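Enquirer: Structure file protein-v3.cif (mmCIF, C-alpha atoms) right here:
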data_model
#
loop_
_atom_site.group_PDB
_atom_site.id
_atom_site.type_symbol
_atom_site.label_atom_id
_atom_site.label_comp_id
_atom_site.auth_asym_id
_atom_site.auth_seq_id
_atom_site.Cartn_x
_atom_site.Cartn_y
_atom_site.Cartn_z
ATOM 1 C CA MET W 1 -10.212 -14.272 0.799
ATOM 2 C CA THR W 2 -11.581 -10.773 1.161
ATOM 3 C CA ASN W 3 -14.885 -9.350 2.221
ATOM 4 C CA ARG W 4 -16.927 -6.958 0.139
ATOM 5 C CA ASP W 5 -15.489 -3.833 1.720
ATOM 6 C CA ASP W 6 -11.926 -5.055 1.163
ATOM 7 C CA ARG W 7 -12.769 -5.843 -2.412
ATOM 8 C CA ARG W 8 -14.201 -2.376 -2.964
ATOM 9 C CA PHE W 9 -11.005 -0.857 -1.570
ATOM 10 C CA LEU W 10 -8.852 -2.901 -3.966
ATOM 11 C CA GLU W 11 -11.170 -2.050 -6.852
ATOM 12 C CA GLN W 12 -10.840 1.668 -6.159
ATOM 13 C CA ILE W 13 -7.084 1.402 -6.324
ATOM 14 C CA GLY W 14 -7.299 -0.655 -9.496
ATOM 15 C CA PHE W 15 -9.596 1.931 -11.000
ATOM 16 C CA ARG W 16 -7.127 4.704 -10.312
ATOM 17 C CA ILE W 17 -4.300 2.711 -11.800
ATOM 18 C CA ARG W 18 -6.317 2.084 -14.957
ATOM 19 C CA GLU W 19 -7.375 5.720 -15.165
ATOM 20 C CA ARG W 20 -3.834 6.979 -14.857
ATOM 21 C CA ARG W 21 -2.520 4.362 -17.296
ATOM 22 C CA GLN W 22 -5.080 5.394 -19.906
ATOM 23 C CA GLU W 23 -4.274 9.050 -19.274
ATOM 24 C CA LEU W 24 -0.699 8.203 -20.239
ATOM 25 C CA LYS W 25 -1.982 6.208 -23.223
ATOM 26 C CA MET W 26 -0.191 3.097 -21.991
ATOM 27 C CA THR W 27 -1.402 -0.437 -22.581
ATOM 28 C CA GLN W 28 -1.458 -3.002 -19.757
ATOM 29 C CA ALA W 29 1.496 -4.633 -21.462
ATOM 30 C CA GLY W 30 3.324 -1.297 -21.613
ATOM 31 C CA LEU W 31 2.695 -0.641 -17.938
ATOM 32 C CA GLY W 32 3.761 -4.175 -17.105
ATOM 33 C CA GLU W 33 6.999 -3.689 -18.969
ATOM 34 C CA ALA W 34 7.699 -0.345 -17.305
ATOM 35 C CA ALA W 35 6.944 -1.773 -13.858
ATOM 36 C CA GLU W 36 8.611 -5.130 -14.531
ATOM 37 C CA LEU W 37 5.390 -6.983 -13.794
ATOM 38 C CA HIS W 38 3.431 -9.319 -16.036
ATOM 39 C CA ARG W 39 0.572 -7.761 -18.027
ATOM 40 C CA THR W 40 -1.884 -10.315 -16.665
ATOM 41 C CA PHE W 41 -0.879 -9.251 -13.156
ATOM 42 C CA ILE W 42 -1.547 -5.615 -14.100
ATOM 43 C CA GLY W 43 -4.958 -6.671 -15.431
ATOM 44 C CA SER W 44 -5.901 -8.453 -12.223
ATOM 45 C CA VAL W 45 -4.715 -5.501 -10.099
ATOM 46 C CA GLU W 46 -6.827 -3.120 -12.181
ATOM 47 C CA ARG W 47 -9.852 -5.354 -11.587
ATOM 48 C CA GLY W 48 -9.233 -5.293 -7.831
ATOM 49 C CA GLU W 49 -8.530 -9.025 -7.743
ATOM 50 C CA ARG W 50 -5.141 -8.749 -6.051
ATOM 51 C CA ASN W 51 -4.221 -7.964 -2.491
ATOM 52 C CA ILE W 52 -1.060 -6.460 -3.927
ATOM 53 C CA ALA W 53 2.116 -6.032 -1.873
ATOM 54 C CA LEU W 54 3.529 -2.588 -1.239
ATOM 55 C CA LEU W 55 6.651 -2.957 -3.347
ATOM 56 C CA SER W 56 4.660 -4.057 -6.393
ATOM 57 C CA LEU W 57 2.279 -1.139 -5.918
ATOM 58 C CA ARG W 58 5.269 1.147 -5.710
ATOM 59 C CA ARG W 59 6.652 -0.175 -8.992
ATOM 60 C CA ILE W 60 3.319 0.515 -10.651
ATOM 61 C CA ALA W 61 3.155 4.015 -9.139
ATOM 62 C CA ARG W 62 6.627 4.807 -10.419
ATOM 63 C CA ALA W 63 5.829 3.565 -13.884
ATOM 64 C CA LEU W 64 2.751 5.807 -13.779
ATOM 65 C CA ARG W 65 4.816 8.691 -12.389
ATOM 66 C CA VAL W 66 2.558 9.333 -9.415
ATOM 67 C CA PRO W 67 3.285 9.081 -5.683
ATOM 68 C CA VAL W 68 2.147 5.759 -4.191
ATOM 69 C CA ALA W 69 -0.101 7.655 -1.775
ATOM 70 C CA GLU W 70 -2.015 9.119 -4.688
ATOM 71 C CA LEU W 71 -3.176 5.665 -5.751
ATOM 72 C CA LEU W 72 -4.463 5.055 -2.223
ATOM 73 C CA ALA W 73 -6.104 8.311 -1.288
ATOM 74 C CA ASP W 74 -9.515 7.352 0.012
ATOM 75 C CA PRO W 75 -12.319 9.604 -1.195
ATOM 76 C CA ASN W 76 -14.549 8.281 1.586
ATOM 77 C CA PRO W 77 -12.309 7.678 4.578
ATOM 78 C CA LYS W 78 -13.970 5.844 7.430
ATOM 79 C CA THR W 79 -11.186 6.876 9.757
ATOM 80 C CA ALA W 80 -11.767 10.015 11.801
ATOM 81 C CA MET E 1 14.281 -10.062 -1.638
ATOM 82 C CA THR E 2 14.446 -6.283 -1.745
ATOM 83 C CA ASN E 3 17.095 -3.789 -2.686
ATOM 84 C CA ARG E 4 18.275 -1.013 -0.418
ATOM 85 C CA ASP E 5 15.867 1.565 -1.779
ATOM 86 C CA ASP E 6 12.905 -0.787 -1.367
ATOM 87 C CA ARG E 7 14.001 -1.507 2.151
ATOM 88 C CA ARG E 8 14.227 2.183 2.961
ATOM 89 C CA PHE E 9 10.698 2.661 1.632
ATOM 90 C CA LEU E 10 9.360 -0.128 3.851
ATOM 91 C CA GLU E 11 11.309 1.222 6.828
ATOM 92 C CA GLN E 12 9.779 4.674 6.384
ATOM 93 C CA ILE E 13 6.314 3.185 6.490
ATOM 94 C CA GLY E 14 7.234 1.090 9.499
ATOM 95 C CA PHE E 15 8.584 4.173 11.221
ATOM 96 C CA ARG E 16 5.314 6.034 10.703
ATOM 97 C CA ILE E 17 3.314 3.122 12.005
ATOM 98 C CA ARG E 18 5.459 2.973 15.138
ATOM 99 C CA GLU E 19 5.286 6.730 15.623
ATOM 100 C CA ARG E 20 1.511 6.794 15.368
ATOM 101 C CA ARG E 21 1.157 3.721 17.587
ATOM 102 C CA GLN E 22 3.273 5.347 20.290
ATOM 103 C CA GLU E 23 1.327 8.572 19.915
ATOM 104 C CA LEU E 24 -1.775 6.536 20.771
ATOM 105 C CA LYS E 25 0.120 4.849 23.626
ATOM 106 C CA MET E 26 -0.583 1.447 22.148
ATOM 107 C CA THR E 27 1.724 -1.542 22.499
ATOM 108 C CA GLN E 28 2.571 -3.741 19.501
ATOM 109 C CA ALA E 29 0.325 -6.366 21.062
ATOM 110 C CA GLY E 30 -2.475 -3.817 21.417
ATOM 111 C CA LEU E 31 -2.145 -2.736 17.803
ATOM 112 C CA GLY E 32 -2.002 -6.351 16.708
ATOM 113 C CA GLU E 33 -5.206 -7.081 18.585
ATOM 114 C CA ALA E 34 -6.973 -4.044 17.128
ATOM 115 C CA ALA E 35 -5.831 -4.906 13.602
ATOM 116 C CA GLU E 36 -6.305 -8.671 14.035
ATOM 117 C CA LEU E 37 -2.665 -9.315 13.197
ATOM 118 C CA HIS E 38 -0.027 -11.030 15.318
ATOM 119 C CA ARG E 39 2.168 -8.766 17.432
ATOM 120 C CA THR E 40 5.330 -10.266 15.932
ATOM 121 C CA PHE E 41 3.999 -9.362 12.489
ATOM 122 C CA ILE E 42 3.456 -5.773 13.692
ATOM 123 C CA GLY E 43 7.039 -5.751 14.982
ATOM 124 C CA SER E 44 8.476 -6.887 11.660
ATOM 125 C CA VAL E 45 6.362 -4.353 9.744
ATOM 126 C CA GLU E 46 7.613 -1.571 12.013
ATOM 127 C CA ARG E 47 11.181 -2.646 11.296
ATOM 128 C CA GLY E 48 10.531 -2.530 7.536
ATOM 129 C CA GLU E 49 11.087 -6.259 7.182
ATOM 130 C CA ARG E 50 7.769 -7.003 5.468
ATOM 131 C CA ASN E 51 6.601 -6.306 1.963
ATOM 132 C CA ILE E 52 3.148 -6.015 3.465
ATOM 133 C CA ALA E 53 -0.012 -6.506 1.413
ATOM 134 C CA LEU E 54 -2.484 -3.675 1.005
ATOM 135 C CA LEU E 55 -5.285 -5.202 3.044
ATOM 136 C CA SER E 56 -3.000 -5.797 6.029
ATOM 137 C CA LEU E 57 -1.724 -2.236 5.782
ATOM 138 C CA ARG E 58 -5.282 -1.049 5.708
ATOM 139 C CA ARG E 59 -6.136 -2.973 8.878
ATOM 140 C CA ILE E 60 -3.181 -1.348 10.613
ATOM 141 C CA ALA E 61 -4.182 2.112 9.348
ATOM 142 C CA ARG E 62 -7.712 1.643 10.641
ATOM 143 C CA ALA E 63 -6.499 0.480 14.023
ATOM 144 C CA LEU E 64 -4.317 3.611 14.117
ATOM 145 C CA ARG E 65 -7.245 5.762 12.914
ATOM 146 C CA VAL E 66 -5.340 7.302 10.006
ATOM 147 C CA PRO E 67 -5.995 7.082 6.258
ATOM 148 C CA VAL E 68 -3.857 4.440 4.550
ATOM 149 C CA ALA E 69 -2.369 7.114 2.303
ATOM 150 C CA GLU E 70 -1.002 8.926 5.327
ATOM 151 C CA LEU E 71 1.233 5.978 6.161
ATOM 152 C CA LEU E 72 2.611 6.057 2.618
ATOM 153 C CA ALA E 73 3.110 9.744 1.918
ATOM 154 C CA ASP E 74 6.641 10.024 0.602
ATOM 155 C CA PRO E 75 8.593 12.951 2.016
ATOM 156 C CA ASN E 76 11.105 12.617 -0.841
ATOM 157 C CA PRO E 77 9.128 11.557 -3.900
ATOM 158 C CA LYS E 78 11.246 10.584 -6.863
ATOM 159 C CA THR E 79 8.263 10.873 -9.128
ATOM 160 C CA ALA E 80 7.780 14.189 -10.877
#
Any chance you could give the structure as structure tokens?

Expert:
Amino acid sequence: MTNRDDRRFLEQIGFRIRERRQELKMTQAGLGEAAELHRTFIGSVERGERNIALLSLRRIARALRVPVAELLADPNPKTA
Amino acid sequence: MTNRDDRRFLEQIGFRIRERRQELKMTQAGLGEAAELHRTFIGSVERGERNIALLSLRRIARALRVPVAELLADPNPKTA
């Protein structure tokens, strides 16, 4: 479905979600409950396996109390 | 599918995409071609009608030469 670069992008976002979740000492199940998403979905997002839709990402960001943009900020932007 | 607040969020993103596209003097068809997405899809995203997936948003951001996060920055964040 996705090429390697796409996958890396999704993995970066998943990594940030996991990092922030652990910072808040939340479990995947706890985050899932707060975001009204299934814990297995949270797990697959954190592993970069999901081309997640914006509204689901927003629910996760809210549950993590960070702006959506913060989960997406690209440390190595290829755009000029 | 979405509540009013979700819709407003998607509309804000769509508005930014349109603004940036017009700044670059691109048509919807031109943006669609650059992002490898159909022009009618671009139109519906700009109107906030699509709960777009991250990888599609990223293709649009690249075609517009802006970081993905810039399309998402929330002027009125509800998160603390």

Enquirer: Using all atoms listed in the file, which protein or nucleic acid residues come within 7 Å of stretch 26-43 of chain E? Drop anything in the same chain fewer than 2 positions from it, and give the result as a PyMOL selection string.

Expert: chain E and resi 21-22+24+45-47+59-60+63

Enquirer: For the residues selected in the previous step, produce a file with C-alpha atoms as a PDB file, in the frame of the given file.

Expert:
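Here's the written file again-v8.pdb:
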ATOM      1  CA  ARG E  21       1.157   3.721  17.587  1.00  0.00           C
ATOM      2  CA  GLN E  22       3.273   5.347  20.290  1.00  0.00           C
ATOM      3  CA  LEU E  24      -1.775   6.536  20.771  1.00  0.00           C
ATOM      4  CA  VAL E  45       6.362  -4.353   9.744  1.00  0.00           C
ATOM      5  CA  GLU E  46       7.613  -1.571  12.013  1.00  0.00           C
ATOM      6  CA  ARG E  47      11.181  -2.646  11.296  1.00  0.00           C
ATOM      7  CA  ARG E  59      -6.136  -2.973   8.878  1.00  0.00           C
ATOM      8  CA  ILE E  60      -3.181  -1.348  10.613  1.00  0.00           C
ATOM      9  CA  ALA E  63      -6.499   0.480  14.023  1.00  0.00           C
TER      10      ALA E  63
END

Enquirer: I need the output of the PyMOL selection byres ((chain W) within 12 of (chain E)) for this file as a compact mmCIF listing (two decimals) with C-alpha atoms, in the coordinates of the input; which residues are they?

Expert:
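Okay, result.txt is ready:
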# COMPACT_ATOMS: atom_id res chain seq x y z
CA MET W 1 -10.21 -14.27 0.80
CA THR W 2 -11.58 -10.77 1.16
CA ASN W 3 -14.88 -9.35 2.22
CA ASP W 5 -15.49 -3.83 1.72
CA ASP W 6 -11.93 -5.06 1.16
CA ARG W 7 -12.77 -5.84 -2.41
CA ARG W 8 -14.20 -2.38 -2.96
CA PHE W 9 -11.00 -0.86 -1.57
CA LEU W 10 -8.85 -2.90 -3.97
CA GLU W 11 -11.17 -2.05 -6.85
CA ILE W 13 -7.08 1.40 -6.32
CA GLY W 14 -7.30 -0.66 -9.50
CA VAL W 45 -4.72 -5.50 -10.10
CA GLY W 48 -9.23 -5.29 -7.83
CA GLU W 49 -8.53 -9.02 -7.74
CA ARG W 50 -5.14 -8.75 -6.05
CA ASN W 51 -4.22 -7.96 -2.49
CA ILE W 52 -1.06 -6.46 -3.93
CA ALA W 53 2.12 -6.03 -1.87
CA LEU W 54 3.53 -2.59 -1.24
CA LEU W 55 6.65 -2.96 -3.35
CA SER W 56 4.66 -4.06 -6.39
CA LEU W 57 2.28 -1.14 -5.92
CA ARG W 58 5.27 1.15 -5.71
CA ARG W 59 6.65 -0.18 -8.99
CA ILE W 60 3.32 0.52 -10.65
CA ALA W 61 3.16 4.01 -9.14
CA ARG W 62 6.63 4.81 -10.42
CA ALA W 63 5.83 3.56 -13.88
CA LEU W 64 2.75 5.81 -13.78
CA ARG W 65 4.82 8.69 -12.39
CA VAL W 66 2.56 9.33 -9.41
CA PRO W 67 3.28 9.08 -5.68
CA VAL W 68 2.15 5.76 -4.19
CA ALA W 69 -0.10 7.66 -1.78
CA GLU W 70 -2.02 9.12 -4.69
CA LEU W 71 -3.18 5.66 -5.75
CA LEU W 72 -4.46 5.06 -2.22
CA ALA W 73 -6.10 8.31 -1.29
CA ASP W 74 -9.52 7.35 0.01
CA PRO W 75 -12.32 9.60 -1.20
CA ASN W 76 -14.55 8.28 1.59
CA PRO W 77 -12.31 7.68 4.58
CA LYS W 78 -13.97 5.84 7.43
CA THR W 79 -11.19 6.88 9.76
CA ALA W 80 -11.77 10.02 11.80

Enquirer: Once chain E is best-fit onto chain W by all Cα atoms in order, what RMSD in Å is left?

Expert: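 My reading of the C-alpha RMSD is 0.0 Å.
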
Enquirer: By how many Å are atom CA of E:Glu19 and atom CA of E:Ser44 apart?

Expert: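 Answer for the atom CA of E:Glu19 to atom CA of E:Ser44 separation: 14.5 Å.
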